[in-house]
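Structure record follows, encoded as structure tokens.
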2 protein chains.
Amino acid sequence: MSSNTLPRRLFEMTIGFIGTGVMGTGMVQNLLAHGSDVTVYNRTKAHAQTVIDAGAKWADTPAALTQQSDVLISIVGFPKDVEQVYFADDGVFAGAHAGLTVIDMTTGSPETAKKIDAAAKKLTNVAALDAPVSGGDIGAKKGTLTIMVGGDKDTYDKMLPIFQQMGTSISYFGPAGSGQHMKMANQIMIAGTMTGMTEMMVYAQAAGLDLKQALKTLAGGAAQNWSLDNYGPRVLQGDYTPGFFAKHFLKDLRIALDEADRMGLELPATAEAKHLYEVMVDSDGLGDLGTQGLIKLWWQK
Amino acid sequence: MSSNTLPRRLFEMTIGFIGTGVMGTGMVQNLLAHGSDVTVYNRTKAHAQTVIDAGAKWADTPAALTQQSDVLISIVGFPKDVEQVYFADDGVFAGAHAGLTVIDMTTGSPETAKKIDAAAKKLTNVAALDAPVSGGDIGAKKGTLTIMVGGDKDTYDKMLPIFQQMGTSISYFGPAGSGQHMKMANQIMIAGTMTGMTEMMVYAQAAGLDLKQALKTLAGGAAQNWSLDNYGPRVLQGDYTPGFFAKHFLKDLRIALDEADRMGLELPATAEAKHLYEVMVDSDGLGDLGTQGLIKLWWQK
């Protein structure tokens with residue numbers, strides 16, 4: 001009986017996982033591949049079938065899932081979905097218990113991360129981390145995600161072996177909300193590469209340059225960037241399928257600029273990028289395209 | 001005597017070179033190292049001493065230099081300098097002669113390139129290319145420049161061996177002005193990476209993130225770019241010395257946006273970048289810093 005009073009070893013931890021979309025599916029598959037015990041919940045059960053077939057169990061509500069889990073991980077869509085998952089009547093906190101760690105890996109607002117952390121701290125022996133990711137569906141599938149973590153450092157240290165089942169670049173950035181802040185910094189940087197790439201291609205085409213040669217020339221110099229390397233060729237092929245949905249990118253830029261406001265910062269280039277994605281997503285209804293579809297603001301006209 | 005009527009072989013071509021600034025010095029050194037016969041002119045003769053010591057000869061005016069040269073190369077500062085060098089009373093065209101090829105490698109406006117080309121075409125057997133570069137002073141010194149060429153294709157083919165003495169990525173982009181257009185496309189892309197990097201660092205610092213760790217995390221993912229890799233660490237060290245002068249970058253963005261206007265294009269993100277560099281250069285007087293000094297709009301306040 002005494003073994004029950006000892007901390008259970010990592011591989012004996014039961015993991016609850018909420019959100020089996022394109023990201024979550026890959027992440028759960030990697031947890032299962034590493035021998036973890038995973039039970040899942042998803043708003044639409046049919047979308048969990050892939051991971052159930054791969055060995056995950058099913059729970060009917062976030063609360064029921066949380067009750068039976070040592071570690072509860074979530075990665076869902078929008079900030080309002082996170083609020084719902086954690087604070088609804090059948091949400092995560094309705095199933096919280098001593099010994100629980102919750103990890104929200106949805107990209108969302110630092111404010112929400114702090115709110116979840118505060119709710120956890122009101123309970124006895126419940127811990128929370130915010131741990132958004134980058135690397136896309138391919139990174140999720142391959143287990144090569146970048147994971148940016150905020151929360152208590154000792155909780156981070158305990159959860160590191162779980163993160164290592166899903167990612168290859170895992171870093172701790174500070175107290176609750178810091179993981180989300182780092183993800184926002186990431187999106188601010190990408191706002192620059194995506195708008196720059198888009199306007200560069202618009203200009204180059206109008207000037208009669210060979211775009212394929214232009215991409216090749218830029219790739220070898222000071223203008224080189226990941227977006228250009230990866231999305232430039234897709235744009236040339238007219239491939240606007242999402243690596244990352246424009247509507248999600250717009251959501252992130254809104255969060256980033258709200259946070260900047262809160263910190264008293266003006267970020268004019270990021271604000272212009274947000275404006276352009278607003279036209280694309282809200283006015284032109286192109287939010288289900290990938291972020292590289294921004295060029296349709298020029299090329300469809 | 002008959003040999004005089006044959007085209008002279010490349011290494012027998014005499015090269016005139018105008019502009020021995022930080023870029024021109026490295027380029028002339030590479031021409032000399034490849035055995036080329038180079039005579040130089042520079043507005044301030046003292047600044048030509050390095051290449052004269054390395055074996056270059058001196059001419060007293062652009063016209064005199066052009067008279068004795070088969071190929072006349074220029075790389076000077078601003079568009080007005082290019083106009084002066086080519087069209088002044090003692091300028092390049094005052095010394096033009098049959099068999100001459102002029103190559104302006106200054107980053108400037110496609111309009112000026114077309115004007116030089118038109119002036120050349122009015123003469124008998126005079127050809128012109130526009131061939132701006134990227135790769136900075138290090139690329140100039142190492143002979144690893146990217147060279148973007150516009151003009152007649154057969155002239156490009158003839159001059160390629162000379163370009164190969166100065167650069168490693170050399171591409172032809174189309175008729176007169178196309179090299180400059182490609183360089184403008186390059187600067188539009190960099191406007192995105194520089195503003196994105198700057199606002200990312202401003203946000204990350206305000207959010208209390210470890211900037212060194214942030215740069216490391218971003219370098220491994222979708223936000224990666226050359227500016228971040230090269231200028232991010234310099235900003236962290238407070239090193240704002242120019243790899244590329246902010247005032248020159250602003251000049252380029254103005255040309256790019258003027259050209260975009262002429263083509264009926266709106267480029268809002270590039271326009272915002274231009275606005276930020278205007279504040280830095282014109283209002284704050286920081287044009288002699290490198291482009292990474294943009295962050296001083298936030299950090300000095």
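Note on naming: chains are A, B, ... as they come in the structure tokens, residues start from 1 per chain, ligands start from 1 in the order shown.
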Counting only C-alpha atoms, collect the residues of chain A whose closest atom lies at most 8 Å from chain B, and write them out as a compact mmCIF listing (two decimals) with N, CA, C and O atoms, in the first residue's frame.
```txt
# COMPACT_ATOMS: atom_id res chain seq x y z
N SER A 134 4.79 25.71 -31.79
CA SER A 134 4.86 26.04 -33.21
C SER A 134 5.49 24.85 -33.91
O SER A 134 6.09 23.98 -33.28
N GLY A 135 5.33 24.81 -35.22
CA GLY A 135 5.85 23.68 -35.98
C GLY A 135 4.78 23.03 -36.84
O GLY A 135 5.09 22.17 -37.67
N THR A 146 8.10 22.91 -31.51
CA THR A 146 8.71 23.85 -30.58
C THR A 146 7.66 24.13 -29.51
O THR A 146 6.52 24.46 -29.84
N SER A 169 12.23 21.14 -29.40
CA SER A 169 12.75 22.40 -28.86
C SER A 169 11.78 22.86 -27.78
O SER A 169 10.70 23.37 -28.08
N SER A 171 11.30 25.03 -24.24
CA SER A 171 11.94 26.06 -23.41
C SER A 171 10.97 26.65 -22.41
O SER A 171 9.78 26.82 -22.69
N PHE A 173 9.92 29.90 -20.16
CA PHE A 173 10.06 31.35 -20.33
C PHE A 173 9.66 32.19 -19.12
O PHE A 173 9.81 33.40 -19.16
N GLY A 174 9.15 31.57 -18.05
CA GLY A 174 8.80 32.36 -16.88
C GLY A 174 7.41 32.03 -16.36
O GLY A 174 6.83 31.01 -16.73
N SER A 178 3.80 33.34 -19.75
CA SER A 178 5.06 33.58 -20.48
C SER A 178 5.18 32.72 -21.73
O SER A 178 5.77 33.14 -22.73
N HIS A 181 3.12 34.55 -24.20
CA HIS A 181 3.83 35.75 -24.66
C HIS A 181 4.89 35.39 -25.70
O HIS A 181 5.06 36.08 -26.71
N MET A 182 5.61 34.30 -25.44
CA MET A 182 6.65 33.89 -26.40
C MET A 182 6.02 33.52 -27.73
O MET A 182 6.55 33.85 -28.80
N ALA A 185 5.26 36.64 -29.55
CA ALA A 185 6.49 37.19 -30.16
C ALA A 185 6.78 36.46 -31.47
O ALA A 185 7.14 37.09 -32.48
N ASN A 186 6.61 35.16 -31.47
CA ASN A 186 6.79 34.34 -32.67
C ASN A 186 5.86 34.83 -33.80
O ASN A 186 6.27 35.00 -34.95
N GLN A 187 4.61 35.07 -33.46
CA GLN A 187 3.64 35.49 -34.48
C GLN A 187 3.93 36.91 -34.99
O GLN A 187 3.70 37.20 -36.17
N ILE A 188 4.43 37.77 -34.11
CA ILE A 188 4.81 39.12 -34.54
C ILE A 188 5.94 39.05 -35.57
O ILE A 188 5.92 39.75 -36.59
N MET A 189 6.90 38.19 -35.32
CA MET A 189 8.00 38.01 -36.27
C MET A 189 7.45 37.49 -37.61
O MET A 189 7.82 37.98 -38.68
N ILE A 190 6.56 36.52 -37.55
CA ILE A 190 6.00 35.94 -38.78
C ILE A 190 5.12 36.94 -39.53
O ILE A 190 5.06 36.92 -40.76
N ALA A 191 4.47 37.83 -38.80
CA ALA A 191 3.70 38.88 -39.47
C ALA A 191 4.61 39.68 -40.42
O ALA A 191 4.20 40.06 -41.52
N GLY A 192 5.85 39.90 -39.98
CA GLY A 192 6.81 40.60 -40.83
C GLY A 192 7.23 39.79 -42.04
O GLY A 192 7.26 40.31 -43.16
N THR A 193 7.53 38.52 -41.85
CA THR A 193 7.97 37.72 -43.00
C THR A 193 6.83 37.50 -43.99
O THR A 193 7.04 37.53 -45.20
N MET A 194 5.60 37.32 -43.49
CA MET A 194 4.47 37.06 -44.41
C MET A 194 4.07 38.30 -45.20
O MET A 194 3.81 38.22 -46.39
N THR A 195 4.01 39.46 -44.53
CA THR A 195 3.64 40.67 -45.28
C THR A 195 4.78 41.06 -46.23
O THR A 195 4.52 41.48 -47.37
N GLY A 196 6.01 40.92 -45.77
CA GLY A 196 7.14 41.24 -46.63
C GLY A 196 7.17 40.36 -47.86
O GLY A 196 7.34 40.83 -48.99
N MET A 197 7.01 39.05 -47.65
CA MET A 197 7.00 38.12 -48.77
C MET A 197 5.89 38.45 -49.76
O MET A 197 6.09 38.46 -50.98
N GLU A 199 4.17 41.33 -50.28
CA GLU A 199 4.34 42.57 -51.04
C GLU A 199 5.53 42.47 -51.99
O GLU A 199 5.51 43.06 -53.08
N MET A 200 6.55 41.71 -51.62
CA MET A 200 7.68 41.48 -52.51
C MET A 200 7.20 40.78 -53.80
O MET A 200 7.56 41.19 -54.91
N MET A 201 6.38 39.74 -53.64
CA MET A 201 5.92 39.00 -54.82
C MET A 201 4.98 39.84 -55.68
O MET A 201 5.01 39.77 -56.91
N TYR A 203 5.08 43.11 -55.97
CA TYR A 203 5.94 44.07 -56.67
C TYR A 203 6.69 43.39 -57.82
O TYR A 203 6.71 43.89 -58.95
N ALA A 204 7.30 42.26 -57.51
CA ALA A 204 8.15 41.57 -58.50
C ALA A 204 7.33 41.16 -59.72
O ALA A 204 7.79 41.30 -60.86
N ALA A 206 4.51 42.57 -60.81
CA ALA A 206 4.12 43.78 -61.54
C ALA A 206 5.29 44.34 -62.34
O ALA A 206 5.11 44.91 -63.42
N ALA A 207 6.52 44.16 -61.82
CA ALA A 207 7.72 44.67 -62.51
C ALA A 207 8.18 43.74 -63.62
O ALA A 207 9.18 44.02 -64.28
N GLY A 208 7.47 42.63 -63.81
CA GLY A 208 7.79 41.73 -64.91
C GLY A 208 8.94 40.78 -64.64
O GLY A 208 9.49 40.18 -65.56
N LEU A 209 9.30 40.63 -63.36
CA LEU A 209 10.41 39.72 -63.03
C LEU A 209 9.94 38.28 -63.03
O LEU A 209 8.77 37.99 -62.80
N ASP A 210 10.86 37.37 -63.28
CA ASP A 210 10.60 35.94 -63.19
C ASP A 210 10.56 35.59 -61.70
O ASP A 210 11.59 35.63 -61.02
N GLN A 213 12.90 32.79 -60.37
CA GLN A 213 14.28 33.25 -60.26
C GLN A 213 14.44 34.22 -59.09
O GLN A 213 15.44 34.21 -58.38
N ALA A 214 13.41 35.06 -58.88
CA ALA A 214 13.45 36.02 -57.77
C ALA A 214 13.54 35.28 -56.44
O ALA A 214 14.36 35.62 -55.58
N THR A 217 17.02 33.85 -56.02
CA THR A 217 18.01 34.89 -55.71
C THR A 217 17.89 35.34 -54.25
O THR A 217 18.88 35.46 -53.54
N LEU A 218 16.65 35.57 -53.79
CA LEU A 218 16.45 36.04 -52.42
C LEU A 218 16.85 34.99 -51.39
O LEU A 218 17.33 35.33 -50.31
N GLY A 220 19.29 33.17 -51.23
CA GLY A 220 20.71 33.09 -50.96
C GLY A 220 21.28 34.31 -50.26
O GLY A 220 22.48 34.41 -50.07
N GLY A 221 20.43 35.26 -49.86
CA GLY A 221 20.96 36.50 -49.31
C GLY A 221 20.29 36.97 -48.05
O GLY A 221 19.68 36.18 -47.32
N ALA A 222 20.41 38.26 -47.82
CA ALA A 222 19.96 38.87 -46.56
C ALA A 222 18.43 38.90 -46.43
O ALA A 222 17.91 39.18 -45.36
N ALA A 223 17.72 38.60 -47.51
CA ALA A 223 16.26 38.58 -47.46
C ALA A 223 15.71 37.20 -47.11
O ALA A 223 14.50 37.02 -46.95
N GLN A 224 16.61 36.22 -46.96
CA GLN A 224 16.19 34.83 -46.72
C GLN A 224 15.31 34.72 -45.48
O GLN A 224 15.57 35.35 -44.46
N ASN A 225 14.28 33.90 -45.58
CA ASN A 225 13.47 33.58 -44.39
C ASN A 225 12.65 32.34 -44.64
O ASN A 225 12.41 31.93 -45.78
N TRP A 226 12.20 31.72 -43.54
CA TRP A 226 11.47 30.45 -43.59
C TRP A 226 10.18 30.57 -44.39
O TRP A 226 9.83 29.68 -45.16
N SER A 227 9.46 31.68 -44.21
CA SER A 227 8.19 31.86 -44.92
C SER A 227 8.42 31.86 -46.42
O SER A 227 7.69 31.22 -47.19
N ALA A 260 0.00 44.03 -26.37
CA ALA A 260 0.91 45.17 -26.56
C ALA A 260 0.25 46.44 -26.01
O ALA A 260 0.89 47.21 -25.28
N MET A 263 0.46 46.65 -22.44
CA MET A 263 1.81 46.99 -21.96
C MET A 263 2.21 48.41 -22.40
O MET A 263 3.35 48.82 -22.17
N LEU A 265 2.49 49.53 -25.51
CA LEU A 265 3.38 49.50 -26.68
C LEU A 265 2.60 49.73 -27.96
O LEU A 265 1.54 49.13 -28.16
N LEU A 267 2.86 48.90 -31.91
CA LEU A 267 3.60 48.06 -32.86
C LEU A 267 2.99 48.28 -34.25
O LEU A 267 2.16 47.49 -34.71
N PRO A 268 3.39 49.35 -34.93
CA PRO A 268 2.69 49.76 -36.15
C PRO A 268 2.76 48.76 -37.31
O PRO A 268 1.79 48.63 -38.06
N ALA A 269 3.90 48.09 -37.46
CA ALA A 269 4.02 47.14 -38.57
C ALA A 269 3.12 45.93 -38.32
O ALA A 269 2.44 45.43 -39.23
N THR A 270 3.08 45.47 -37.07
CA THR A 270 2.21 44.35 -36.72
C THR A 270 0.75 44.77 -36.88
O THR A 270 -0.09 43.97 -37.33
N GLU A 272 -0.40 46.89 -39.00
CA GLU A 272 -0.71 46.90 -40.44
C GLU A 272 -0.92 45.47 -40.94
O GLU A 272 -1.82 45.22 -41.76
N ALA A 273 -0.12 44.54 -40.46
CA ALA A 273 -0.30 43.13 -40.83
C ALA A 273 -1.68 42.64 -40.37
O ALA A 273 -2.40 41.99 -41.13
```
Review point. Excluding same-chain residues fewer than 4 positions from Ala120 of chain B, what lies within 12 Å of it counting only C-alpha atoms, as a list in words?
Key: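 Residues meeting the cut-off are Tyr86, Phe87, Val92, Phe93, Ala94, Gly95, Ala96, His97, Ala98, Gly99, Leu100, Thr101, Val102, Ile103, Ala113, Lys114, Lys115, Ile116, Thr124, Asn125, Val126, Ala127, Ala128, Leu129, Gly151, Asp152 and Ala176 of chain B.
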Next, the residues of the selection above should be written as a compact mmCIF listing (two decimals), in the first residue's frame with N, CA and C atoms.
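Once written, out_26.txt looks like this:
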```
# COMPACT_ATOMS: atom_id res chain seq x y z
N TYR B 86 27.05 60.17 -64.43
CA TYR B 86 26.84 59.82 -65.85
C TYR B 86 26.62 61.03 -66.74
N PHE B 87 25.90 62.07 -66.22
CA PHE B 87 25.44 63.12 -67.14
C PHE B 87 26.08 64.48 -66.93
N VAL B 92 30.47 60.34 -67.33
CA VAL B 92 30.73 59.13 -68.12
C VAL B 92 30.37 59.34 -69.59
N PHE B 93 29.21 59.92 -69.85
CA PHE B 93 28.79 60.03 -71.25
C PHE B 93 29.64 61.02 -72.04
N ALA B 94 30.30 61.94 -71.32
CA ALA B 94 31.24 62.85 -72.00
C ALA B 94 32.47 62.10 -72.52
N GLY B 95 32.71 60.90 -71.96
CA GLY B 95 33.87 60.12 -72.40
C GLY B 95 33.49 58.85 -73.16
N ALA B 96 32.21 58.74 -73.49
CA ALA B 96 31.73 57.51 -74.14
C ALA B 96 32.30 57.36 -75.54
N HIS B 97 32.48 56.10 -75.95
CA HIS B 97 33.10 55.81 -77.25
C HIS B 97 32.61 54.45 -77.71
N ALA B 98 32.73 54.20 -79.01
CA ALA B 98 32.28 52.92 -79.55
C ALA B 98 33.01 51.77 -78.84
N GLY B 99 32.26 50.73 -78.50
CA GLY B 99 32.83 49.58 -77.82
C GLY B 99 32.70 49.62 -76.31
N LEU B 100 32.19 50.75 -75.79
CA LEU B 100 32.06 50.91 -74.33
C LEU B 100 30.83 50.17 -73.79
N THR B 101 31.00 49.55 -72.63
CA THR B 101 29.86 49.05 -71.86
C THR B 101 29.87 49.73 -70.49
N VAL B 102 28.75 50.32 -70.09
CA VAL B 102 28.65 50.92 -68.75
C VAL B 102 27.76 50.04 -67.88
N ILE B 103 28.17 49.86 -66.64
CA ILE B 103 27.43 49.02 -65.69
C ILE B 103 27.26 49.79 -64.40
N ALA B 113 18.04 53.81 -64.39
CA ALA B 113 18.65 52.75 -65.21
C ALA B 113 18.15 52.84 -66.65
N LYS B 114 16.86 53.11 -66.82
CA LYS B 114 16.31 53.22 -68.18
C LYS B 114 16.86 54.47 -68.89
N LYS B 115 17.08 55.53 -68.11
CA LYS B 115 17.61 56.77 -68.69
C LYS B 115 19.04 56.56 -69.20
N ILE B 116 19.85 55.86 -68.40
CA ILE B 116 21.23 55.57 -68.81
C ILE B 116 21.23 54.66 -70.04
N THR B 124 26.64 55.03 -80.86
CA THR B 124 26.97 53.85 -81.67
C THR B 124 27.79 52.87 -80.84
N ASN B 125 27.25 51.67 -80.71
CA ASN B 125 28.03 50.60 -80.08
C ASN B 125 28.41 50.93 -78.63
N VAL B 126 27.47 51.50 -77.90
CA VAL B 126 27.63 51.65 -76.45
C VAL B 126 26.49 50.89 -75.78
N ALA B 127 26.81 50.07 -74.78
CA ALA B 127 25.80 49.26 -74.11
C ALA B 127 25.75 49.59 -72.63
N ALA B 128 24.59 49.34 -71.98
CA ALA B 128 24.44 49.65 -70.55
C ALA B 128 23.75 48.49 -69.84
N LEU B 129 24.18 48.26 -68.61
CA LEU B 129 23.50 47.30 -67.73
C LEU B 129 23.25 47.97 -66.38
N GLY B 151 19.11 44.74 -68.52
CA GLY B 151 19.72 45.30 -69.74
C GLY B 151 19.60 44.28 -70.87
N ASP B 152 20.38 44.49 -71.93
CA ASP B 152 20.33 43.53 -73.05
C ASP B 152 21.02 42.23 -72.66
N ALA B 176 16.44 46.81 -69.35
CA ALA B 176 16.97 47.88 -68.51
C ALA B 176 16.02 48.22 -67.37
```
Within 9 Å of Asp239 of chain B, counting only C-alpha atoms, which residues show up once you throw out same-chain ones fewer than 4 positions away? Write them as a compact mmCIF listing (two decimals) with C-alpha atoms, in the first residue's frame, please.
```txt
# COMPACT_ATOMS: atom_id res chain seq x y z
CA TYR B 231 20.98 41.40 -36.37
CA PRO B 233 22.33 39.15 -31.46
CA ARG B 234 23.79 42.57 -32.36
CA VAL B 235 20.76 44.35 -30.92
CA GLY B 290 22.59 50.27 -39.13
CA GLN B 292 18.89 47.25 -36.72
CA GLY B 293 18.91 50.64 -34.95
```
**Study point:** Residue list (alpha helix (DSSP H), DSSP) for segment 81-287 of chain A, as number ranges by chain
**Key:** A: 81-87, 110-121, 136-142, 153-163, 178-206, 211-219, 226-236, 246-262, 268-278
Review point. What is the distance between atom CA of Gln164 of chain B and atom CA of Gly26 of chain B, in Å to one decimal?
Key: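 The value is 13.8 Å.
Listed by chain and then by rising number, the residues of segment 83-284 of chain A that DSSP assigns to strand (DSSP E) from the backbone are Thr101, Val102, Ile103, Asp104, Ala127, Ala128, Leu129, Asp130, Val133, Ser134, Leu145, Thr146, Ile147, Met148, Val149, Gly150, Gly151, Gly167, Thr168, Ser169, Ile170, Ser171, Tyr172, Phe173 and Gly174 of chain A.
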